[in-house]
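J.: This is the structure, below, for whatever I ask next.
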Amino acid sequence: MEGECFMSKVRVRYAPSPTGPLHIGGARSALFNWLFARHFGGTMLVRIEDTDLERSTREAEELILDSLRWLGIDWDEGIDVGGDHGPYRQQERLALYKPYTQKLLESGHAYECYCTEEELEAERQELKARGELPRYLGKCRNLTAQEKEKYIAEGRKPVIRFRVPDGKKIVVDDLVRGKVEFDSDGIGDFVLVKSNGLPTYNFAVVLDDALMEITHVIRGDEHLSNTPRQLLIYQALALPQPQFAHVSLILGEDRSKMSKRHGATSVLQYREDGYLPEALINFLVLLGWSPEGEQEIFSVDELIEQFSLERVSKSPAVFDMNKLKWMNAHYLKALPLADLTHLCLPHLEKAGLITKETAETDLPWLEAAVDAVREKMEYAAQAPELMRVFFGDTVLLDKDNEEVKQTLSLNTTKQVISALQQRAGELTSWDSATVRKLLKEIGKEIGVKGKALFMAARIAVTGQSHGPDLNSVLTLIGPKRAALRAKSVLDQL
């Protein structure tokens with residue numbers, strides 16, 4: 001009961017820097033936090049870490065929030081929602097940090113450092129030359145009042161550094177990785193407050209998490225090396241420490257660092273390409289979390305019920321683009337036809353196949369065309385490529401295709417195409433049953449059936465050997481267009 005009571009008080013956060021759109025790694029971190037909070041009936045908080053003045057923008061902030069909303073990740077407290085622990089942008093919290101800076105200076109856990117960037121760089125290079133880990137060696141640790149006055153007279157503006165204790169083992173008791181030990185001697189005195197008065201990430205994140213009463217910090221593995229510094233700050237200020245869970249990296253299929261060629265694009269780009277948020281959520285959760293059984297397709301409610309940090313892997317997750325496409329195709333197939341068509345329309349319009357006007361007047365026809373290709377569709381941006389076969393009065397014969405060449409070598413092929421041109425041009429009524437009857441009559445008339453008949457007819461109206469169901473193609477393009485296409489193919493023979 002005690003554990004359940006503790007878990008009912010879960011407070012987690014997602015705290016992005018607004019320097020660009022939300023990418024896959026950030027989306028997974030947000031998702032894991034959200035599922036953890038929802039599983040335990042806790043609180044999800046979203047705040048913004050915007051102390052990188054040169055790169056942070058409100059536009060990027062809105063892109064990130066928009067991406068989270070599209071994914072279906074909501075939050076109980078923070079940006080756009082409010083709450084009792086605001087403000088929720090670091091730039092608006094600067095006054096809250098100052099007393100803690102002063103407390104660390106007064107207790108001797110921090111000190112002013114006047115070293116110039118040139119001096120620091122020289123120190124880094126010297127350590128590298130000796131084969132040692134670059135770190136600050138504490139030149140300003142014990143400055144006299146006279147030395148400080150001299151530096152101030154030179155116009156130097158100090159940073160505030162944390163005084164890292166010597167010879168201390170720092171243990172991170174991680175909920176994913178277990179106990180991870182760090183040696184304080186390899187850390188060096190790190191900067192808490194920059195010379196412009198802005199806190200560094202490691203200082204601000206500790207104060208924000210403590211003041212916002214965060215119980216669990218679930219974040220990417222790249223932050224693990226920051227954690228010993230943060231624990232030292234918690235201890236120096238006697239602040240309650242959250243539990244940490246560092247989630248493994250996401251690698252490309254070749255097991256190298258994720259890049260755009262692996263699919264490391266923004267969440268909004270996936271939306272633009274016609275992926276569904278349910279599919280992306282389902283895919284993301286399996287990047288590092290393993291369900292108990294063999295199930296791969298989950299509803300959001302199932303994920304909330306089953307998610308736990310115990311089943312989050314220590315090993316890197318591999319981003320499999322083909323699996324994402326397969327998963328999205330599964331969700332597209334389950335989508336009502338009207339919704340799927342609506343998803344495809346912008347892509348068809350962008351490709352110049354339809355206009356806004358034709359999208360309205362020809363909607364039933366477009367729905368039928370989408371239905372004819374939905375089994376092959378992995379994401380909606382493929383619609384123009386898959387549906388191009390339904391547009392245009394002429395087709396280009398793929399003479400390099402072996403099946404096309406083989407069919408064209410048959411004496412009956414030209415007869416089938418000619419008959420289709422003539423008979424289709426004479427018909428006034430046209431539906432699926434008419435098309436079946438027409439092909440049957442042509443086959444009987446010429447004395448051909450099976451592949452020799454149907455491949456010839458397919459080539460007559462598409463120029464290709466493969467594509468959507470032939471009956472669907474003929475039914476959708478209509479008799480006039482079928483006759484025109486057959487003539488364009490005959491002209492190429």
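Numbering starts fresh at 1 for the residues of each chain in the structure tokens, the chains themselves are lettered A, B, ... in the order given, and ligands are numbered from 1 as they appear.
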Report as number ranges by chain: the residues of segment 268-445 of chain A with a DSSP assignment of helix (DSSP H, G or I), based on the backbone of this structure.
T.: A: 268-272, 277-285, 300-306, 309-311, 321-334, 337-350, 356-361, 363-376, 380-390, 402-408, 411-426, 432-445
J.: Please, could you write that set of residues out with C-alpha atoms as a short mmCIF file (atom, residue, chain, number, x, y, z; two decimals), in the first residue's frame?
T.:
```
data_model
loop_
_atom_site.label_atom_id
_atom_site.label_comp_id
_atom_site.auth_asym_id
_atom_site.auth_seq_id
_atom_site.Cartn_x
_atom_site.Cartn_y
_atom_site.Cartn_z
CA LEU A 268 5.56 17.38 -37.80
CA GLN A 269 7.26 16.06 -40.94
CA TYR A 270 5.73 12.65 -40.25
CA ARG A 271 2.37 14.39 -39.94
CA GLU A 272 3.01 16.17 -43.26
CA PRO A 277 -0.36 9.85 -34.55
CA GLU A 278 -1.64 6.50 -33.23
CA ALA A 279 0.88 4.68 -35.43
CA LEU A 280 3.78 6.92 -34.41
CA ILE A 281 2.90 6.52 -30.71
CA ASN A 282 2.70 2.74 -31.11
CA PHE A 283 6.04 2.69 -32.94
CA LEU A 284 7.83 5.05 -30.54
CA VAL A 285 6.85 3.15 -27.41
CA VAL A 300 -3.29 4.12 -26.13
CA ASP A 301 -5.35 2.73 -23.25
CA GLU A 302 -3.47 -0.57 -23.46
CA LEU A 303 -0.14 1.26 -23.41
CA ILE A 304 -1.14 3.27 -20.35
CA GLU A 305 -2.22 0.09 -18.58
CA GLN A 306 0.92 -1.92 -19.42
CA LEU A 309 10.05 1.33 -16.42
CA GLU A 310 10.93 -2.26 -15.45
CA ARG A 311 10.46 -3.28 -19.08
CA MET A 321 11.71 2.67 -40.94
CA ASN A 322 10.10 -0.32 -42.62
CA LYS A 323 8.44 -1.30 -39.36
CA LEU A 324 7.07 2.22 -38.95
CA LYS A 325 5.65 2.06 -42.48
CA TRP A 326 4.13 -1.36 -41.80
CA MET A 327 2.59 -0.13 -38.58
CA ASN A 328 1.19 3.01 -40.20
CA ALA A 329 -0.24 0.93 -43.05
CA HIS A 330 -2.05 -1.15 -40.43
CA TYR A 331 -3.67 1.97 -38.96
CA LEU A 332 -4.49 3.40 -42.41
CA LYS A 333 -6.33 0.20 -43.36
CA ALA A 334 -8.48 0.54 -40.24
CA LEU A 337 -12.54 5.59 -46.06
CA ALA A 338 -13.76 9.19 -45.78
CA ASP A 339 -11.01 9.96 -43.24
CA LEU A 340 -8.32 8.27 -45.33
CA THR A 341 -9.42 10.19 -48.42
CA HIS A 342 -9.33 13.46 -46.46
CA LEU A 343 -5.75 12.56 -45.45
CA CYS A 344 -4.77 11.98 -49.10
CA LEU A 345 -6.39 15.07 -50.66
CA PRO A 346 -3.64 17.62 -49.80
CA HIS A 347 -1.02 15.34 -51.35
CA LEU A 348 -3.07 14.83 -54.52
CA GLU A 349 -3.59 18.59 -54.75
CA LYS A 350 0.11 19.30 -54.19
CA LYS A 356 -9.82 22.14 -54.29
CA GLU A 357 -12.88 22.36 -56.56
CA THR A 358 -12.51 18.84 -58.02
CA ALA A 359 -11.87 17.50 -54.52
CA GLU A 360 -15.41 18.62 -53.65
CA THR A 361 -17.23 17.74 -56.87
CA LEU A 363 -15.32 13.25 -53.78
CA PRO A 364 -17.22 9.92 -54.25
CA TRP A 365 -14.95 9.08 -57.21
CA LEU A 366 -11.84 10.03 -55.22
CA GLU A 367 -12.97 7.86 -52.30
CA ALA A 368 -13.37 4.90 -54.66
CA ALA A 369 -9.89 5.57 -56.10
CA VAL A 370 -8.35 5.74 -52.61
CA ASP A 371 -10.14 2.52 -51.68
CA ALA A 372 -8.59 0.81 -54.71
CA VAL A 373 -5.03 1.52 -53.50
CA ARG A 374 -5.39 1.55 -49.70
CA GLU A 375 -3.95 -1.98 -49.37
CA LYS A 376 -0.66 -0.73 -50.86
CA ALA A 380 -0.69 9.27 -47.24
CA ALA A 381 2.07 11.09 -49.14
CA GLN A 382 2.25 7.98 -51.35
CA ALA A 383 -1.26 8.72 -52.67
CA PRO A 384 -0.14 10.59 -55.85
CA GLU A 385 2.26 7.82 -56.84
CA LEU A 386 -0.28 5.06 -56.17
CA MET A 387 -3.26 6.91 -57.67
CA ARG A 388 -1.65 8.48 -60.73
CA VAL A 389 -2.95 5.50 -62.69
CA PHE A 390 -6.49 6.94 -62.39
CA GLU A 402 10.08 -7.98 -68.83
CA GLU A 403 6.41 -8.85 -68.28
CA VAL A 404 5.33 -6.02 -70.58
CA LYS A 405 7.81 -7.16 -73.25
CA GLN A 406 6.64 -10.74 -72.93
CA THR A 407 2.97 -9.77 -73.26
CA LEU A 408 3.68 -7.50 -76.24
CA ASN A 411 0.13 -11.98 -81.39
CA THR A 412 -3.14 -11.54 -79.48
CA THR A 413 -2.03 -8.56 -77.36
CA LYS A 414 -2.49 -5.90 -80.04
CA GLN A 415 -5.88 -7.42 -80.89
CA VAL A 416 -7.00 -7.17 -77.24
CA ILE A 417 -5.87 -3.54 -77.01
CA SER A 418 -7.57 -2.62 -80.30
CA ALA A 419 -10.80 -4.36 -79.26
CA LEU A 420 -10.75 -2.59 -75.90
CA GLN A 421 -10.27 0.78 -77.62
CA GLN A 422 -13.15 0.19 -79.99
CA ARG A 423 -15.63 -1.45 -77.60
CA ALA A 424 -14.99 0.99 -74.71
CA GLY A 425 -15.51 3.94 -77.05
CA GLU A 426 -18.94 2.62 -78.00
CA SER A 432 -17.82 -2.97 -62.50
CA ALA A 433 -20.22 -5.56 -63.95
CA THR A 434 -20.03 -3.95 -67.41
CA VAL A 435 -16.23 -4.06 -67.29
CA ARG A 436 -16.19 -7.76 -66.36
CA LYS A 437 -18.65 -8.54 -69.16
CA LEU A 438 -16.62 -6.46 -71.66
CA LEU A 439 -13.34 -8.26 -70.91
CA LYS A 440 -15.06 -11.64 -71.10
CA GLU A 441 -16.54 -10.78 -74.51
CA ILE A 442 -13.19 -9.52 -75.85
CA GLY A 443 -11.47 -12.69 -74.69
CA LYS A 444 -14.10 -14.89 -76.30
CA GLU A 445 -14.00 -12.89 -79.52
#
```
J.: Could you list, as a list in words, every residue within 9 Å of Leu175 of chain A, counting only C-alpha atoms and ignoring same-chain residues fewer than 4 positions away?
T.: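 Those residues are Lys179, Gln243, Phe244, Ala245, His246, Leu309 and Glu310 of chain A.
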J.: Between atom CA of Arg229 of chain A and atom CA of Arg28 of chain A, what is the spacing in Å?
T.: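 These atoms are spaced 24.5 Å apart.
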J.: I'd like the contact shell of segment 485-489 of chain A - 9 Å cut-off, only C-alpha atoms, skipping same-chain residues fewer than 6 positions apart - returned as a PDB file with all heavy atoms, in the first residue's frame.
T.:
```pdb
ATOM      1  N   GLY A 392      -5.462  11.128 -66.230  1.00  0.00           N
ATOM      2  CA  GLY A 392      -4.839  11.335 -67.536  1.00  0.00           C
ATOM      3  C   GLY A 392      -5.428  10.460 -68.628  1.00  0.00           C
ATOM      4  O   GLY A 392      -5.905   9.348 -68.381  1.00  0.00           O
ATOM      5  N   ASP A 393      -5.380  10.974 -69.871  1.00  0.00           N
ATOM      6  CA  ASP A 393      -5.965  10.275 -71.026  1.00  0.00           C
ATOM      7  C   ASP A 393      -4.960   9.431 -71.787  1.00  0.00           C
ATOM      8  O   ASP A 393      -5.328   8.671 -72.685  1.00  0.00           O
ATOM      9  CB  ASP A 393      -6.583  11.301 -71.997  1.00  0.00           C
ATOM     10  CG  ASP A 393      -7.767  12.020 -71.384  1.00  0.00           C
ATOM     11  OD1 ASP A 393      -8.374  11.458 -70.449  1.00  0.00           O
ATOM     12  OD2 ASP A 393      -8.067  13.156 -71.814  1.00  0.00           O
ATOM     13  N   THR A 394      -3.676   9.587 -71.482  1.00  0.00           N
ATOM     14  CA  THR A 394      -2.645   8.795 -72.166  1.00  0.00           C
ATOM     15  C   THR A 394      -1.760   8.121 -71.128  1.00  0.00           C
ATOM     16  O   THR A 394      -1.687   8.565 -69.970  1.00  0.00           O
ATOM     17  CB  THR A 394      -1.764   9.676 -73.069  1.00  0.00           C
ATOM     18  OG1 THR A 394      -1.109  10.657 -72.256  1.00  0.00           O
ATOM     19  CG2 THR A 394      -2.598  10.377 -74.138  1.00  0.00           C
ATOM     20  N   VAL A 395      -1.114   7.031 -71.552  1.00  0.00           N
ATOM     21  CA  VAL A 395      -0.172   6.347 -70.661  1.00  0.00           C
ATOM     22  C   VAL A 395       1.124   6.084 -71.421  1.00  0.00           C
ATOM     23  O   VAL A 395       1.137   5.994 -72.645  1.00  0.00           O
ATOM     24  CB  VAL A 395      -0.740   5.014 -70.124  1.00  0.00           C
ATOM     25  CG1 VAL A 395      -1.903   5.265 -69.187  1.00  0.00           C
ATOM     26  CG2 VAL A 395      -1.155   4.085 -71.254  1.00  0.00           C
ATOM     27  N   LEU A 396       2.201   5.970 -70.658  1.00  0.00           N
ATOM     28  CA  LEU A 396       3.507   5.694 -71.251  1.00  0.00           C
ATOM     29  C   LEU A 396       3.805   4.212 -71.096  1.00  0.00           C
ATOM     30  O   LEU A 396       3.782   3.669 -69.987  1.00  0.00           O
ATOM     31  CB  LEU A 396       4.586   6.530 -70.552  1.00  0.00           C
ATOM     32  CG  LEU A 396       5.986   6.483 -71.168  1.00  0.00           C
ATOM     33  CD1 LEU A 396       5.968   7.049 -72.595  1.00  0.00           C
ATOM     34  CD2 LEU A 396       6.968   7.253 -70.291  1.00  0.00           C
ATOM     35  N   LEU A 397       4.077   3.558 -72.179  1.00  0.00           N
ATOM     36  CA  LEU A 397       4.330   2.123 -72.198  1.00  0.00           C
ATOM     37  C   LEU A 397       5.706   1.821 -71.598  1.00  0.00           C
ATOM     38  O   LEU A 397       6.714   2.385 -72.023  1.00  0.00           O
ATOM     39  CB  LEU A 397       4.267   1.635 -73.649  1.00  0.00           C
ATOM     40  CG  LEU A 397       4.088   0.136 -73.902  1.00  0.00           C
ATOM     41  CD1 LEU A 397       2.856  -0.403 -73.206  1.00  0.00           C
ATOM     42  CD2 LEU A 397       3.983  -0.115 -75.409  1.00  0.00           C
ATOM     43  N   ILE A 417      -5.930  -4.986 -77.221  1.00  0.00           N
ATOM     44  CA  ILE A 417      -5.874  -3.539 -77.011  1.00  0.00           C
ATOM     45  C   ILE A 417      -6.770  -2.817 -78.026  1.00  0.00           C
ATOM     46  O   ILE A 417      -7.516  -1.889 -77.667  1.00  0.00           O
ATOM     47  CB  ILE A 417      -4.413  -3.033 -77.104  1.00  0.00           C
ATOM     48  CG1 ILE A 417      -3.561  -3.673 -75.990  1.00  0.00           C
ATOM     49  CG2 ILE A 417      -4.355  -1.513 -76.981  1.00  0.00           C
ATOM     50  CD1 ILE A 417      -2.067  -3.391 -76.089  1.00  0.00           C
ATOM     51  N   SER A 418      -6.729  -3.233 -79.263  1.00  0.00           N
ATOM     52  CA  SER A 418      -7.571  -2.619 -80.303  1.00  0.00           C
ATOM     53  C   SER A 418      -9.054  -2.826 -80.000  1.00  0.00           C
ATOM     54  O   SER A 418      -9.866  -1.901 -80.132  1.00  0.00           O
ATOM     55  CB  SER A 418      -7.256  -3.221 -81.681  1.00  0.00           C
ATOM     56  OG  SER A 418      -5.934  -2.939 -82.056  1.00  0.00           O
ATOM     57  N   LEU A 420     -10.387  -3.384 -77.076  1.00  0.00           N
ATOM     58  CA  LEU A 420     -10.747  -2.585 -75.901  1.00  0.00           C
ATOM     59  C   LEU A 420     -10.961  -1.126 -76.285  1.00  0.00           C
ATOM     60  O   LEU A 420     -11.908  -0.468 -75.822  1.00  0.00           O
ATOM     61  CB  LEU A 420      -9.647  -2.699 -74.837  1.00  0.00           C
ATOM     62  CG  LEU A 420      -9.911  -1.996 -73.501  1.00  0.00           C
ATOM     63  CD1 LEU A 420     -11.179  -2.510 -72.845  1.00  0.00           C
ATOM     64  CD2 LEU A 420      -8.725  -2.159 -72.560  1.00  0.00           C
ATOM     65  N   GLN A 421     -10.112  -0.611 -77.166  1.00  0.00           N
ATOM     66  CA  GLN A 421     -10.271   0.780 -77.617  1.00  0.00           C
ATOM     67  C   GLN A 421     -11.619   0.969 -78.304  1.00  0.00           C
ATOM     68  O   GLN A 421     -12.360   1.905 -77.992  1.00  0.00           O
ATOM     69  CB  GLN A 421      -9.150   1.156 -78.580  1.00  0.00           C
ATOM     70  CG  GLN A 421      -9.280   2.601 -79.096  1.00  0.00           C
ATOM     71  CD  GLN A 421      -8.550   2.833 -80.418  1.00  0.00           C
ATOM     72  OE1 GLN A 421      -7.864   1.945 -80.909  1.00  0.00           O
ATOM     73  NE2 GLN A 421      -8.720   4.010 -81.000  1.00  0.00           N
ATOM     74  N   GLN A 422     -11.924   0.056 -79.212  1.00  0.00           N
ATOM     75  CA  GLN A 422     -13.151   0.188 -79.993  1.00  0.00           C
ATOM     76  C   GLN A 422     -14.401  -0.006 -79.134  1.00  0.00           C
ATOM     77  O   GLN A 422     -15.321   0.808 -79.164  1.00  0.00           O
ATOM     78  CB  GLN A 422     -13.147  -0.835 -81.134  1.00  0.00           C
ATOM     79  CG  GLN A 422     -14.363  -0.712 -82.046  1.00  0.00           C
ATOM     80  CD  GLN A 422     -14.360  -1.791 -83.118  1.00  0.00           C
ATOM     81  OE1 GLN A 422     -13.326  -2.386 -83.408  1.00  0.00           O
ATOM     82  NE2 GLN A 422     -15.521  -2.039 -83.710  1.00  0.00           N
ATOM     83  N   ALA A 457      -4.960  -6.205 -71.322  1.00  0.00           N
ATOM     84  CA  ALA A 457      -5.903  -5.135 -70.964  1.00  0.00           C
ATOM     85  C   ALA A 457      -5.271  -4.148 -69.984  1.00  0.00           C
ATOM     86  O   ALA A 457      -5.467  -2.933 -70.096  1.00  0.00           O
ATOM     87  CB  ALA A 457      -7.170  -5.742 -70.366  1.00  0.00           C
ATOM     88  N   ILE A 459      -2.047  -3.464 -69.676  1.00  0.00           N
ATOM     89  CA  ILE A 459      -1.084  -2.655 -70.431  1.00  0.00           C
ATOM     90  C   ILE A 459      -1.814  -1.606 -71.264  1.00  0.00           C
ATOM     91  O   ILE A 459      -1.353  -0.460 -71.388  1.00  0.00           O
ATOM     92  CB  ILE A 459      -0.208  -3.569 -71.325  1.00  0.00           C
ATOM     93  CG1 ILE A 459       0.745  -4.392 -70.438  1.00  0.00           C
ATOM     94  CG2 ILE A 459       0.584  -2.758 -72.340  1.00  0.00           C
ATOM     95  CD1 ILE A 459       1.476  -5.499 -71.177  1.00  0.00           C
ATOM     96  N   ALA A 460      -2.978  -1.957 -71.796  1.00  0.00           N
ATOM     97  CA  ALA A 460      -3.751  -1.026 -72.628  1.00  0.00           C
ATOM     98  C   ALA A 460      -4.138   0.237 -71.884  1.00  0.00           C
ATOM     99  O   ALA A 460      -4.163   1.327 -72.467  1.00  0.00           O
ATOM    100  CB  ALA A 460      -5.012  -1.726 -73.146  1.00  0.00           C
ATOM    101  N   VAL A 461      -4.445   0.099 -70.586  1.00  0.00           N
ATOM    102  CA  VAL A 461      -4.947   1.276 -69.850  1.00  0.00           C
ATOM    103  C   VAL A 461      -3.967   1.835 -68.823  1.00  0.00           C
ATOM    104  O   VAL A 461      -4.211   2.907 -68.262  1.00  0.00           O
ATOM    105  CB  VAL A 461      -6.306   0.965 -69.172  1.00  0.00           C
ATOM    106  CG1 VAL A 461      -7.386   0.746 -70.220  1.00  0.00           C
ATOM    107  CG2 VAL A 461      -6.205  -0.225 -68.231  1.00  0.00           C
ATOM    108  N   THR A 462      -2.841   1.120 -68.582  1.00  0.00           N
ATOM    109  CA  THR A 462      -1.863   1.653 -67.614  1.00  0.00           C
ATOM    110  C   THR A 462      -0.443   1.708 -68.174  1.00  0.00           C
ATOM    111  O   THR A 462       0.393   2.441 -67.644  1.00  0.00           O
ATOM    112  CB  THR A 462      -1.829   0.800 -66.323  1.00  0.00           C
ATOM    113  OG1 THR A 462      -1.222  -0.464 -66.604  1.00  0.00           O
ATOM    114  CG2 THR A 462      -3.223   0.586 -65.743  1.00  0.00           C
ATOM    115  N   GLY A 463      -0.150   0.907 -69.203  1.00  0.00           N
ATOM    116  CA  GLY A 463       1.214   0.837 -69.734  1.00  0.00           C
ATOM    117  C   GLY A 463       2.135   0.019 -68.856  1.00  0.00           C
ATOM    118  O   GLY A 463       3.310  -0.139 -69.164  1.00  0.00           O
TER     119      GLY A 463
END
```
J.: Point out the residue among A:Thr355, A:Ser290, A:Thr215, A:Ser472 with the least atom-to-atom distance to Asn33 of chain A, counting only C-alpha atoms.
T.: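 Answer, going by the shortest atom-to-atom distance: A:Thr215.
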J.: Assign secondary structure with DSSP using the backbone only, and return the residues of segment 71-261 of chain A in strand (DSSP E or B) as a ChimeraX atom specification.
T.: /A:77-78,82,89,110-113,159-162,169-174,178-183,191-193,199,216-220,243-247,250-251,257
J.: Using only C-alpha atoms, which residue out of A:Gln146, A:Ser107, A:Ser266, A:Ser29 lies closest to His223 of chain A?
T.: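 Of all the options, A:Ser29 lies closest to His223 of chain A.
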J.: Find the residues near Arg156 of chain A: any atom within 10 Å, counting only C-alpha atoms, skip ones fewer than 2 places away on the same chain, and give them as a CSV table (one decimal) with N, CA, C and O atoms, in the first residue's frame.
T.:
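Below is the file part-v2.csv, written as the result:
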```csv
chain,number,residue,atom,x,y,z
A,113,CYS,N,34.7,32.4,-10.5
A,113,CYS,CA,35.9,32.1,-11.4
A,113,CYS,C,36.0,33.2,-12.4
A,113,CYS,O,35.1,33.5,-13.2
A,114,TYR,N,37.2,33.7,-12.5
A,114,TYR,CA,37.5,34.8,-13.4
A,114,TYR,C,38.3,34.4,-14.6
A,114,TYR,O,38.8,35.3,-15.4
A,115,CYS,N,38.6,33.1,-14.8
A,115,CYS,CA,39.4,32.7,-16.0
A,115,CYS,C,38.8,33.1,-17.3
A,115,CYS,O,37.5,33.0,-17.5
A,116,THR,N,39.6,33.5,-18.2
A,116,THR,CA,39.2,33.8,-19.5
A,116,THR,C,39.0,32.6,-20.4
A,116,THR,O,39.5,31.5,-20.1
A,148,LYS,N,40.9,38.9,-6.5
A,148,LYS,CA,39.5,39.2,-7.1
A,148,LYS,C,39.5,40.7,-7.6
A,148,LYS,O,38.9,41.0,-8.7
A,149,GLU,N,39.9,41.6,-6.7
A,149,GLU,CA,39.9,43.0,-7.1
A,149,GLU,C,40.7,43.3,-8.4
A,149,GLU,O,40.3,44.1,-9.2
A,150,LYS,N,41.8,42.6,-8.5
A,150,LYS,CA,42.7,42.8,-9.7
A,150,LYS,C,41.9,42.3,-10.9
A,150,LYS,O,41.9,43.0,-12.0
A,151,TYR,N,41.3,41.2,-10.9
A,151,TYR,CA,40.5,40.7,-12.0
A,151,TYR,C,39.3,41.6,-12.4
A,151,TYR,O,39.0,41.9,-13.5
A,152,ILE,N,38.6,42.1,-11.3
A,152,ILE,CA,37.5,43.0,-11.5
A,152,ILE,C,38.0,44.3,-12.2
A,152,ILE,O,37.3,44.8,-13.1
A,153,ALA,N,39.2,44.8,-11.7
A,153,ALA,CA,39.7,46.0,-12.3
A,153,ALA,C,40.1,45.8,-13.8
A,153,ALA,O,40.0,46.8,-14.6
A,154,GLU,N,40.4,44.6,-14.2
A,154,GLU,CA,40.7,44.3,-15.6
A,154,GLU,C,39.4,44.1,-16.4
A,154,GLU,O,39.5,44.0,-17.6
A,158,PRO,N,32.9,37.4,-13.7
A,158,PRO,CA,33.1,36.0,-13.3
A,158,PRO,C,31.9,35.1,-13.6
A,158,PRO,O,30.8,35.5,-13.8
A,159,VAL,N,32.2,33.8,-13.7
A,159,VAL,CA,31.2,32.8,-13.7
A,159,VAL,C,31.1,32.2,-12.3
A,159,VAL,O,32.1,32.4,-11.5
A,195,SER,N,28.7,34.1,-17.1
A,195,SER,CA,29.1,35.5,-16.8
A,195,SER,C,28.0,36.5,-17.2
A,195,SER,O,28.0,37.6,-16.6
```
J.: With only C-alpha atoms as the atoms that count, which of A:Asp189, A:Asp320, A:Glu378, A:Asp80 lies nearest to Cys140 of chain A?
T.: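 Counting only C-alpha atoms, the residue closest to Cys140 of chain A is A:Asp189.
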J.: Might you pull out every residue within 9 Å of Phe32 of chain A, with only C-alpha atoms counted and same-chain residues fewer than 4 positions away left off, and present them as an MDAnalysis selection string?
T.: chainID A and resid 27:28 36:37 218:219 285 307:309
